[in-house]
Each structure stands twice: as structure tokens, then as C-alpha cells.
$ cat structure_22.cif   # mmCIF, C-alpha atoms
data_upload
loop_
_atom_site.group_PDB
_atom_site.id
_atom_site.type_symbol
_atom_site.label_atom_id
_atom_site.label_comp_id
_atom_site.auth_asym_id
_atom_site.auth_seq_id
_atom_site.Cartn_x
_atom_site.Cartn_y
_atom_site.Cartn_z
ATOM 1 C CA MET A 23 0.000 0.000 0.000
ATOM 2 C CA SER A 24 1.212 3.536 -0.787
ATOM 3 C CA SER A 25 -0.301 6.752 0.520
ATOM 4 C CA LEU A 26 -0.091 10.254 -0.799
ATOM 5 C CA SER A 27 -0.082 13.277 1.505
ATOM 6 C CA MET A 28 -0.932 16.626 0.054
ATOM 7 C CA PRO A 29 -0.351 19.976 1.748
ATOM 8 C CA LEU A 30 -3.455 22.101 2.261
ATOM 9 C CA PRO A 31 -3.542 25.773 1.403
ATOM 10 C CA ASP A 32 -3.648 28.373 4.143
ATOM 11 C CA SER A 33 -7.123 29.495 3.169
ATOM 12 C CA PHE A 34 -8.554 25.962 3.237
ATOM 13 C CA PRO A 35 -11.075 25.576 6.106
ATOM 14 C CA VAL A 36 -9.988 23.185 8.844
ATOM 15 C CA ALA A 37 -12.497 21.151 10.827
ATOM 16 C CA ARG A 38 -12.332 21.510 14.591
ATOM 17 C CA PRO A 39 -12.006 18.267 16.601
ATOM 18 C CA GLN A 40 -15.137 17.032 18.257
ATOM 19 C CA TRP A 41 -14.395 15.616 21.767
ATOM 20 C CA PRO A 42 -17.662 13.726 22.277
ATOM 21 C CA SER A 43 -17.030 11.488 19.264
ATOM 22 C CA HIS A 44 -13.506 10.725 20.507
ATOM 23 C CA ALA A 45 -14.784 9.747 23.934
ATOM 24 C CA SER A 46 -17.283 7.365 22.412
ATOM 25 C CA ALA A 47 -14.582 5.738 20.348
ATOM 26 C CA ALA A 48 -12.430 5.301 23.442
ATOM 27 C CA VAL A 49 -15.300 3.650 25.338
ATOM 28 C CA VAL A 50 -15.946 1.262 22.457
ATOM 29 C CA THR A 51 -12.276 0.394 22.253
ATOM 30 C CA LEU A 52 -12.083 -0.363 25.998
ATOM 31 C CA ALA A 53 -15.197 -2.549 25.738
ATOM 32 C CA LEU A 54 -13.689 -4.544 22.900
ATOM 33 C CA HIS A 55 -10.422 -5.053 24.769
ATOM 34 C CA ALA A 56 -12.343 -6.192 27.871
ATOM 35 C CA GLY A 57 -14.305 -8.681 25.770
ATOM 36 C CA VAL A 58 -11.182 -10.096 24.168
ATOM 37 C CA PHE A 59 -9.462 -10.351 27.574
ATOM 38 C CA GLY A 60 -12.441 -12.250 28.955
ATOM 39 C CA LEU A 61 -12.382 -14.686 26.048
ATOM 40 C CA LEU A 62 -8.662 -15.279 26.542
ATOM 41 C CA LEU A 63 -9.265 -16.043 30.217
ATOM 42 C CA HIS A 64 -11.861 -18.677 29.235
ATOM 43 C CA GLY A 65 -9.362 -20.464 26.922
ATOM 44 C CA TRP A 66 -10.301 -18.982 23.632
ATOM 45 C CA THR A 67 -7.474 -19.120 21.066
ATOM 46 C CA PRO A 68 -7.651 -17.095 17.912
ATOM 47 C CA GLU A 69 -7.206 -19.032 14.719
ATOM 48 C CA LEU A 70 -4.146 -18.023 12.761
ATOM 49 C CA THR A 71 -4.555 -17.813 9.069
ATOM 50 C CA ALA A 72 -1.624 -19.047 7.014
ATOM 51 C CA PRO A 73 -0.083 -16.276 5.025
ATOM 52 C CA SER A 74 -0.989 -16.395 1.403
ATOM 53 C CA ALA A 75 1.635 -16.757 -1.269
ATOM 54 C CA THR A 76 3.452 -13.583 -2.064
ATOM 55 C CA GLN A 77 2.282 -12.064 -5.297
ATOM 56 C CA VAL A 78 4.192 -9.620 -7.347
ATOM 57 C CA LEU A 79 2.047 -6.576 -7.887
ATOM 58 C CA LYS A 80 2.634 -3.772 -10.297
ATOM 59 C CA THR A 81 1.880 -0.484 -8.579
ATOM 60 C CA GLN A 82 0.947 2.589 -10.541
ATOM 61 C CA LEU A 83 1.071 5.907 -8.738
ATOM 62 C CA VAL A 84 -1.493 8.421 -9.917
ATOM 63 C CA SER A 85 -0.953 11.985 -8.770
ATOM 64 C CA LEU A 86 -3.794 14.480 -8.854
ATOM 65 C CA PRO A 87 -3.235 18.211 -9.133
ATOM 66 C CA ALA A 88 -3.516 20.271 -5.961
ATOM 67 C CA PRO A 89 -7.014 21.717 -5.428
ATOM 68 C CA GLN A 90 -7.494 25.363 -6.135
ATOM 69 C CA PRO A 91 -8.339 27.577 -3.177
ATOM 70 C CA VAL A 92 -12.012 28.334 -2.769
ATOM 71 C CA VAL A 93 -13.075 31.914 -2.008
ATOM 72 C CA ALA A 94 -15.173 31.933 1.125
ATOM 73 C CA PRO A 95 -18.506 33.820 1.025
ATOM 74 C CA PRO A 96 -19.019 36.711 3.336
ATOM 75 C CA VAL A 97 -21.051 34.559 5.658
ATOM 76 C CA GLU A 98 -19.333 31.915 7.732
ATOM 77 C CA PRO A 99 -19.582 28.685 5.843
ATOM 78 C CA GLU A 100 -20.378 25.377 7.319
ATOM 79 C CA PRO A 101 -17.373 23.240 8.156
ATOM 80 C CA THR A 102 -16.324 21.185 5.170
ATOM 81 C CA PRO A 103 -14.890 17.716 5.801
ATOM 82 C CA LEU A 104 -11.355 17.084 4.770
ATOM 83 C CA PRO A 105 -10.981 15.384 1.402
ATOM 84 C CA GLU A 106 -9.728 11.879 1.544
ATOM 85 C CA PRO A 107 -6.096 11.503 0.466
ATOM 86 C CA VAL A 108 -5.532 10.050 -2.897
ATOM 87 C CA VAL A 109 -4.308 6.506 -2.509
ATOM 88 C CA ALA A 110 -2.196 4.872 -5.178
ATOM 89 C CA ARG A 111 -4.111 2.212 -6.997
ATOM 90 C CA GLU A 112 -2.662 -1.192 -7.057
ATOM 91 C CA ALA A 113 -3.393 -3.368 -9.970
ATOM 92 C CA VAL A 114 -2.079 -6.721 -11.064
ATOM 93 C CA GLU A 115 -1.481 -6.596 -14.733
ATOM 94 C CA GLU A 116 -0.438 -9.445 -16.940
ATOM 95 C CA PRO A 117 2.964 -8.791 -18.583
ATOM 96 C CA GLN A 118 2.594 -8.118 -22.259
ATOM 97 C CA VAL A 119 5.293 -9.851 -24.346
ATOM 98 C CA ASP A 120 6.248 -8.284 -27.620
ATOM 99 C CA PRO A 121 6.099 -10.994 -30.324
ATOM 100 C CA ARG A 122 9.101 -9.481 -32.095
ATOM 101 C CA ILE A 123 11.177 -9.625 -28.883
ATOM 102 C CA GLU A 124 10.060 -13.203 -28.290
ATOM 103 C CA GLN A 125 10.913 -14.109 -31.886
ATOM 104 C CA HIS A 126 14.318 -12.431 -31.573
ATOM 105 C CA ARG A 127 14.961 -14.302 -28.315
ATOM 106 C CA LEU A 128 14.044 -17.604 -29.944
ATOM 107 C CA GLU A 129 16.307 -16.845 -32.900
ATOM 108 C CA GLN A 130 19.168 -15.958 -30.562
ATOM 109 C CA ALA A 131 18.636 -19.183 -28.603
ATOM 110 C CA GLU A 132 18.568 -21.193 -31.830
ATOM 111 C CA LEU A 133 21.756 -19.505 -33.056
ATOM 112 C CA ALA A 134 23.445 -20.175 -29.711
ATOM 113 C CA PHE A 135 22.377 -23.821 -29.910
ATOM 114 C CA LYS A 136 23.689 -24.086 -33.480
ATOM 115 C CA ARG A 137 26.997 -22.485 -32.480
ATOM 116 C CA ALA A 138 27.318 -24.869 -29.514
ATOM 117 C CA GLU A 139 26.519 -27.816 -31.783
ATOM 118 C CA GLN A 140 29.040 -26.623 -34.377
ATOM 119 C CA GLU A 141 31.703 -26.188 -31.683
ATOM 120 C CA ARG A 142 30.941 -29.658 -30.346
ATOM 121 C CA LEU A 143 31.232 -31.170 -33.825
ATOM 122 C CA ALA A 144 34.437 -29.207 -34.473
ATOM 123 C CA GLU A 145 35.888 -30.422 -31.165
ATOM 124 C CA GLU A 146 34.966 -34.010 -32.020
ATOM 125 C CA GLU A 147 36.589 -33.557 -35.443
ATOM 126 C CA ARG A 148 39.747 -32.148 -33.832
ATOM 127 C CA GLN A 149 39.749 -35.057 -31.376
ATOM 128 C CA ARG A 150 39.457 -37.544 -34.241
ATOM 129 C CA GLU A 151 42.278 -35.780 -36.095
ATOM 130 C CA ARG A 152 44.491 -35.909 -32.989
ATOM 131 C CA GLN A 153 43.713 -39.595 -32.561
ATOM 132 C CA GLN A 154 44.476 -40.237 -36.226
ATOM 133 C CA LYS A 155 47.754 -38.331 -35.948
ATOM 134 C CA GLN A 156 48.678 -40.273 -32.820
ATOM 135 C CA GLN A 157 47.788 -43.540 -34.572
ATOM 136 C CA LEU A 158 49.840 -42.564 -37.626
ATOM 137 C CA GLU A 159 52.755 -41.559 -35.380
ATOM 138 C CA ARG A 160 52.579 -44.890 -33.538
ATOM 139 C CA GLU A 161 52.457 -46.769 -36.834
ATOM 140 C CA ARG A 162 55.413 -44.714 -38.124
ATOM 141 C CA GLN A 163 57.406 -45.422 -34.974
ATOM 142 C CA GLU A 164 56.552 -49.130 -35.198
ATOM 143 C CA ARG A 165 57.522 -49.156 -38.895
ATOM 144 C CA LEU A 166 60.801 -47.390 -38.136
ATOM 145 C CA GLU A 167 61.508 -49.808 -35.303
ATOM 146 C CA ALA A 168 60.717 -52.781 -37.543
ATOM 147 C CA GLU A 169 62.973 -51.365 -40.277
ATOM 148 C CA ARG A 170 65.727 -50.756 -37.734
ATOM 149 C CA GLN A 171 65.440 -54.297 -36.433
ATOM 150 C CA GLN A 172 65.414 -55.604 -39.994
ATOM 151 C CA ARG A 173 68.519 -53.559 -40.846
ATOM 152 C CA GLU A 174 70.183 -54.765 -37.667
ATOM 153 C CA ALA A 175 69.330 -58.371 -38.514
ATOM 154 C CA GLN A 176 70.623 -57.876 -42.082
ATOM 155 C CA ARG A 177 73.796 -56.266 -40.744
ATOM 156 C CA ARG A 178 74.357 -59.169 -38.345
ATOM 157 C CA GLU A 179 73.655 -61.602 -41.153
ATOM 158 C CA GLN A 180 76.054 -59.696 -43.426
ATOM 159 C CA LEU A 181 78.718 -59.724 -40.722
ATOM 160 C CA ALA A 182 78.147 -63.452 -40.222
ATOM 161 C CA ARG A 183 78.460 -64.027 -43.980
ATOM 162 C CA GLU A 184 81.596 -61.886 -44.140
ATOM 163 C CA GLU A 185 83.058 -63.722 -41.174
ATOM 164 C CA GLN A 186 82.177 -67.018 -42.804
ATOM 165 C CA GLN A 187 83.723 -65.818 -46.065
ATOM 166 C CA ARG A 188 86.850 -64.711 -44.208
ATOM 167 C CA GLN A 189 87.061 -68.060 -42.544
ATOM 168 C CA GLN A 190 86.523 -69.808 -45.843
ATOM 169 C CA THR A 191 89.095 -67.534 -47.468
ATOM 170 C CA ALA A 192 91.541 -68.166 -44.652
ATOM 171 C CA GLN A 193 90.925 -71.891 -44.910
ATOM 172 C CA ALA A 194 91.312 -71.720 -48.688
ATOM 173 C CA GLU A 195 94.507 -69.698 -48.335
ATOM 174 C CA ALA A 196 95.806 -72.109 -45.740
ATOM 175 C CA ALA A 197 94.923 -75.016 -48.002
ATOM 176 C CA ALA A 198 96.540 -73.262 -50.974
ATOM 177 C CA ALA A 199 99.635 -72.516 -48.899
ATOM 178 C CA GLU A 200 99.772 -76.113 -47.817
ATOM 179 C CA ARG A 201 99.378 -77.268 -51.396
ATOM 180 C CA ALA A 202 102.063 -74.796 -52.480
ATOM 181 C CA ARG A 203 104.327 -76.027 -49.733
ATOM 182 C CA GLN A 204 103.707 -79.575 -50.743
ATOM 183 C CA ALA A 205 104.246 -78.632 -54.378
ATOM 184 C CA GLU A 206 107.454 -76.857 -53.478
ATOM 185 C CA ALA A 207 108.526 -79.846 -51.486
ATOM 186 C CA ALA A 208 107.688 -82.094 -54.396
ATOM 187 C CA ALA A 209 109.417 -79.729 -56.804
ATOM 188 C CA ALA A 210 112.410 -79.533 -54.494
ATOM 189 C CA SER A 211 112.602 -83.255 -54.507
ATOM 190 C CA ARG A 212 112.928 -83.017 -58.283
ATOM 191 C CA GLN A 213 115.382 -80.114 -58.134
ATOM 192 C CA TYR A 214 119.065 -80.272 -57.526
ATOM 193 C CA LEU A 215 119.913 -81.683 -54.115
ATOM 194 C CA PRO A 216 123.347 -81.903 -52.568
ATOM 195 C CA ILE A 217 124.699 -85.438 -52.588
ATOM 196 C CA ALA A 218 128.162 -84.763 -51.161
ATOM 197 C CA LYS A 219 129.353 -81.614 -49.416
ATOM 198 C CA ASP A 220 132.719 -81.842 -47.685
ATOM 199 C CA ALA A 221 133.732 -79.214 -45.155
ATOM 200 C CA PRO A 222 136.743 -77.065 -46.042
ATOM 201 C CA ASP A 223 140.076 -77.281 -44.195
ATOM 202 C CA TYR A 224 140.702 -74.571 -41.603
ATOM 203 C CA PRO A 225 143.685 -72.505 -42.762
ATOM 204 C CA GLN A 226 146.631 -72.999 -40.462
ATOM 205 C CA ARG A 227 147.624 -69.358 -40.503
ATOM 206 C CA ALA A 228 144.098 -68.322 -39.504
ATOM 207 C CA LEU A 229 144.073 -70.980 -36.841
ATOM 208 C CA ASP A 230 147.436 -69.804 -35.485
ATOM 209 C CA LYS A 231 146.234 -66.238 -35.377
ATOM 210 C CA GLY A 232 142.805 -67.192 -33.971
ATOM 211 C CA ILE A 233 140.913 -65.689 -36.865
ATOM 212 C CA GLU A 234 137.272 -66.679 -37.395
ATOM 213 C CA GLY A 235 134.907 -65.697 -40.198
ATOM 214 C CA SER A 236 132.657 -66.717 -43.084
ATOM 215 C CA CYS A 237 132.996 -67.002 -46.829
ATOM 216 C CA THR A 238 130.222 -67.238 -49.441
ATOM 217 C CA VAL A 239 130.969 -68.980 -52.736
ATOM 218 C CA SER A 240 128.790 -68.673 -55.830
ATOM 219 C CA TYR A 241 128.763 -71.349 -58.543
ATOM 220 C CA SER A 242 126.626 -73.189 -61.086
ATOM 221 C CA VAL A 243 125.386 -76.776 -60.992
ATOM 222 C CA ASN A 244 125.461 -78.377 -64.431
ATOM 223 C CA SER A 245 123.167 -81.098 -65.747
ATOM 224 C CA GLN A 246 125.494 -83.767 -64.339
ATOM 225 C CA GLY A 247 125.332 -82.220 -60.854
ATOM 226 C CA ARG A 248 128.908 -80.935 -60.861
ATOM 227 C CA ILE A 249 130.181 -77.495 -59.835
ATOM 228 C CA GLU A 250 131.203 -74.993 -62.471
ATOM 229 C CA ASN A 251 132.738 -71.490 -62.210
ATOM 230 C CA PRO A 252 133.036 -71.193 -58.453
ATOM 231 C CA LYS A 253 133.966 -67.702 -57.128
ATOM 232 C CA ALA A 254 134.238 -66.130 -53.727
ATOM 233 C CA LEU A 255 132.095 -63.087 -52.901
ATOM 234 C CA ASP A 256 133.214 -59.898 -51.186
ATOM 235 C CA ASP A 257 132.418 -61.040 -47.635
ATOM 236 C CA CYS A 258 135.245 -63.595 -47.660
ATOM 237 C CA HIS A 259 138.385 -63.148 -45.549
ATOM 238 C CA PRO A 260 141.481 -63.586 -47.695
ATOM 239 C CA LEU A 261 142.655 -66.541 -45.605
ATOM 240 C CA PHE A 262 139.316 -68.358 -46.207
ATOM 241 C CA ILE A 263 138.976 -67.891 -49.998
ATOM 242 C CA ARG A 264 141.172 -70.768 -51.219
ATOM 243 C CA PRO A 265 139.842 -73.487 -48.832
ATOM 244 C CA SER A 266 136.253 -72.383 -49.602
ATOM 245 C CA LEU A 267 136.732 -72.644 -53.379
ATOM 246 C CA THR A 268 138.469 -76.030 -53.000
ATOM 247 C CA ALA A 269 135.629 -77.395 -50.863
ATOM 248 C CA ALA A 270 132.971 -76.062 -53.276
ATOM 249 C CA LYS A 271 134.593 -77.798 -56.263
ATOM 250 C CA SER A 272 134.201 -81.101 -54.462
ATOM 251 C CA PHE A 273 130.412 -80.707 -54.068
ATOM 252 C CA ARG A 274 128.079 -83.071 -55.945
ATOM 253 C CA TYR A 275 124.359 -82.430 -56.624
ATOM 254 C CA GLN A 276 121.401 -84.358 -57.942
ATOM 255 C CA PRO A 277 120.602 -82.694 -61.286
ATOM 256 C CA ARG A 278 117.508 -80.539 -61.617
ATOM 257 C CA ILE A 279 114.794 -82.177 -63.754
ATOM 258 C CA VAL A 280 112.480 -79.967 -65.881
ATOM 259 C CA ASP A 281 109.989 -81.674 -68.194
ATOM 260 C CA GLY A 282 111.858 -84.909 -67.668
ATOM 261 C CA ARG A 283 115.246 -83.466 -68.645
ATOM 262 C CA ALA A 284 118.232 -82.475 -66.483
ATOM 263 C CA VAL A 285 119.095 -78.788 -66.699
ATOM 264 C CA ALA A 286 121.821 -76.567 -65.208
ATOM 265 C CA VAL A 287 121.137 -74.316 -62.193
ATOM 266 C CA PRO A 288 123.029 -70.992 -62.147
ATOM 267 C CA GLU A 289 123.918 -68.706 -59.255
ATOM 268 C CA VAL A 290 123.912 -71.264 -56.471
ATOM 269 C CA LYS A 291 125.406 -69.896 -53.275
ATOM 270 C CA ASN A 292 126.899 -71.632 -50.303
ATOM 271 C CA THR A 293 128.349 -69.969 -47.182
ATOM 272 C CA PHE A 294 131.205 -71.564 -45.231
ATOM 273 C CA HIS A 295 131.564 -70.671 -41.547
ATOM 274 C CA TYR A 296 134.962 -70.889 -39.895
ATOM 275 C CA ARG A 297 134.882 -71.244 -36.132
ATOM 276 C CA ILE A 298 137.595 -72.326 -33.716
ATOM 277 C CA GLN A 299 136.294 -75.008 -31.366
#

$ encode --input "structure_22.cif" --output "C-alpha cells"
Amino acid sequence: MSSLSMPLPDSFPVARPQWPSHASAAVVTLALHAGVFGLLLHGWTPELTAPSATQVLKTQLVSLPAPQPVVAPPVEPEPTPLPEPVVAREAVEEPQVDPRIEQHRLEQAELAFKRAEQERLAEEERQRERQQKQQLERERQERLEAERQQREAQRREQLAREEQQRQQTAQAEAAAAERARQAEAAAASRQYLPIAKDAPDYPQRALDKGIEGSCTVSYSVNSQGRIENPKALDDCHPLFIRPSLTAAKSFRYQPRIVDGRAVAVPEVKNTFHYRIQ
């Protein structure tokens, strides 16, 4: 409830209070209080009414213009009662919704829903793309790991083959060397071999002087196994040249056989060592 108080003009007549009416009202009020007190003493309990649900009211305040002063007649007028104050009227009005506003609100809600749906779909698409990228990355890593393992296995296999080839090569070389040695031994058995080699006489002069040394003699072995053109080399001591040449001339060899025929062997060397025991 709202009340409106309006100031009265100075010339507006004012009613004088009437004391008899106030006394009557006081008596009636005392009688009512006495009655209620008596009922309370006899056990009477007033019934309480549950408060009603709060309603939202739309209040409209209506203001009236101030009254114009009235010119009093020459005679004393009768007392005029005070006008009742203007009270604001309360009215419950139904809210009026503008269809255009409602339509705009619905369109905005629909657009917001579409945007949310589009964002959700875009997020799902991004999630799928991330999952696909992760899957592709895992597959790439697995492929790289498989290729690495395959390369490692091929490298180990290659190393094993190379090691096997080296072993085979070494075995083949060893076998070839053994065959060559055997061939050389067989060839040597067919080449010239010494049959008789007498040691030279120690020169007396060298023996008296205590001289020791060596002497290398070069010669040829003819097809009969005899010595031809013996000569002492530069490392010979002069005292050991003659006995070395004499001893070399006495050598006898088995002739060298080539294609079933005996041939001469040039540049055969033999070193004589002279030591005093």
C-alpha cells in the first residue's frame, strides 16, 4: 500500500475536533479489549490464518493536481470535511510480451544452440584428427623400429656371412699354402739336391792367429750335378777364400729335372763358416 499526503492551502477551512465522538470511540475500544481479555481467560485461542503466497504486484502511482483555493462567502460557511487523500491504486497486470522480442529471443537461442553444436562437432573432429595423428605416429614409430630391427638383422647376417667368407678364405689360403708347400717340397725333390758336401780345411795361418769368419761362394750346378765357375764373394776373408773354393769344387748335386730333362742351375750360393772349437 502507498499513501499520498498533500499539503493544504492556508485558506482551506480546517475542521475543529469534536471531543464527544472521541470519547465514544475510546469507550468502544475499551469494551472490545475487555471482551477479548475475557475470552482469553476462558481459553479462547484465535485461529491463525496461514499467510498467502506472495504475489508480485505492479503499482501505478497516480498523482492528482492540488485543489485550487475556494473563495469563502461573506457569511461563515459550514465546516467542510477534509478530502480523503488520494491513494495509489494497485493493480495486477499481466505482462505483455512483444512478439518481435520473443521471436528475436528464440532466434538468438537457436543460433546459440547451433553455435554450440558446431563447436561440439568441431571439437569431435579435432579429437578424431588428434587420434588419427597419434595412430599414424605410432604406426610410423613401429615401422621405423621394424625397419631398424630388420637392418640390424641384415647387418648381423652380413657380418656373419663376411666372417664365414673370411674363414673360408683363410681356410682356402691355408689349403693353398699347404698345397704350395707340398708342391714346393715335391718340386724340391725333383730339383738339384746336394749329394756330397765336404767341409773345407781350416787354414793354419788363420788358426794360429785365432781368426774366425765366413765365406760365401757362388757357382753353377750343371746337368750332371757338378760345380762350375766357383767364385768367392766380397764377404770372404782372404785366408778363407782358397779353402772355400776347394771345398765347393768337391760338391756333388742331384741334377735338376724340368719336363723330364736335367738342366743346369746358375747362381747357387753356399756360405762356409769358420769357427775355432

$ resolve_selection --input "structure_22.cif" --expression "the PyMOL selection byres ((chain A and resi 265) around 8)" --output "list in words"
Pro222, Asp223, Tyr224, Pro225, Phe262, Ile263, Arg264, Ser266, Leu267, Thr268 and Ala269 of chain A

$ atom_distance --input "structure_22.cif" --atom1 "atom CA of Gln276 of chain A" --atom2 "atom CA of Arg201 of chain A"
24.0 Å

$ axis_aligned_box --input "structure_22.cif" --around "segment 141-156 of chain A" --padding-each-side "8 Å" --output "JSON"
{"center_x": 39.8, "center_y": -33.2, "center_z": -33.3, "size_x": 33.7, "size_y": 30.1, "size_z": 21.9}

$ atom_distance --input "structure_22.cif" --atom1 "atom CA of Ala168 of chain A" --atom2 "atom CA of Leu181 of chain A"
19.6 Å

$ atom_distance --input "structure_22.cif" --atom1 "atom CA of Asn292 of chain A" --atom2 "atom CA of Cys237 of chain A"
8.4 Å

$ closest_residue --input "structure_22.cif" --among "A:Arg127, A:Lys291, A:Arg278, A:Arg170" --to "Pro252 of chain A" --atoms "all atoms listed in the file"
A:Lys291

$ resolve_selection --input "structure_22.cif" --expression "the PyMOL selection byres ((chain A and resi 296) around 7)" --output "short mmCIF file (atom, residue, chain, number, x, y, z; two decimals) with C-alpha atoms, keeping the file's coordinate frame"
data_model
loop_
_atom_site.label_atom_id
_atom_site.label_comp_id
_atom_site.auth_asym_id
_atom_site.auth_seq_id
_atom_site.Cartn_x
_atom_site.Cartn_y
_atom_site.Cartn_z
CA GLU A 234 137.27 -66.68 -37.40
CA GLY A 235 134.91 -65.70 -40.20
CA SER A 236 132.66 -66.72 -43.08
CA PHE A 294 131.21 -71.56 -45.23
CA HIS A 295 131.56 -70.67 -41.55
CA ARG A 297 134.88 -71.24 -36.13
CA ILE A 298 137.60 -72.33 -33.72
#

$ resolve_selection --input "structure_22.cif" --expression "the PyMOL selection byres ((chain A and resi 290) around 10)" --output "list in words"
Val239, Ser240, Tyr241, Ser242, Val243, Ile249, Pro252, Val287, Pro288, Glu289, Lys291 and Asn292 of chain A

$ closest_residue --input "structure_22.cif" --among "A:Thr293, A:Ser46, A:Gln154, A:Gln193" --to "Ala221 of chain A" --atoms "only C-alpha atoms"
A:Thr293

$ residues_around --input "structure_22.cif" --residues "Pro277 of chain A" --least-positions-apart "2" --cutoff "8 Å" --atoms "all atoms listed in the file" --output "VMD selection string"
chain A and resid 213 to 215 243 to 247 275 279 284 to 286
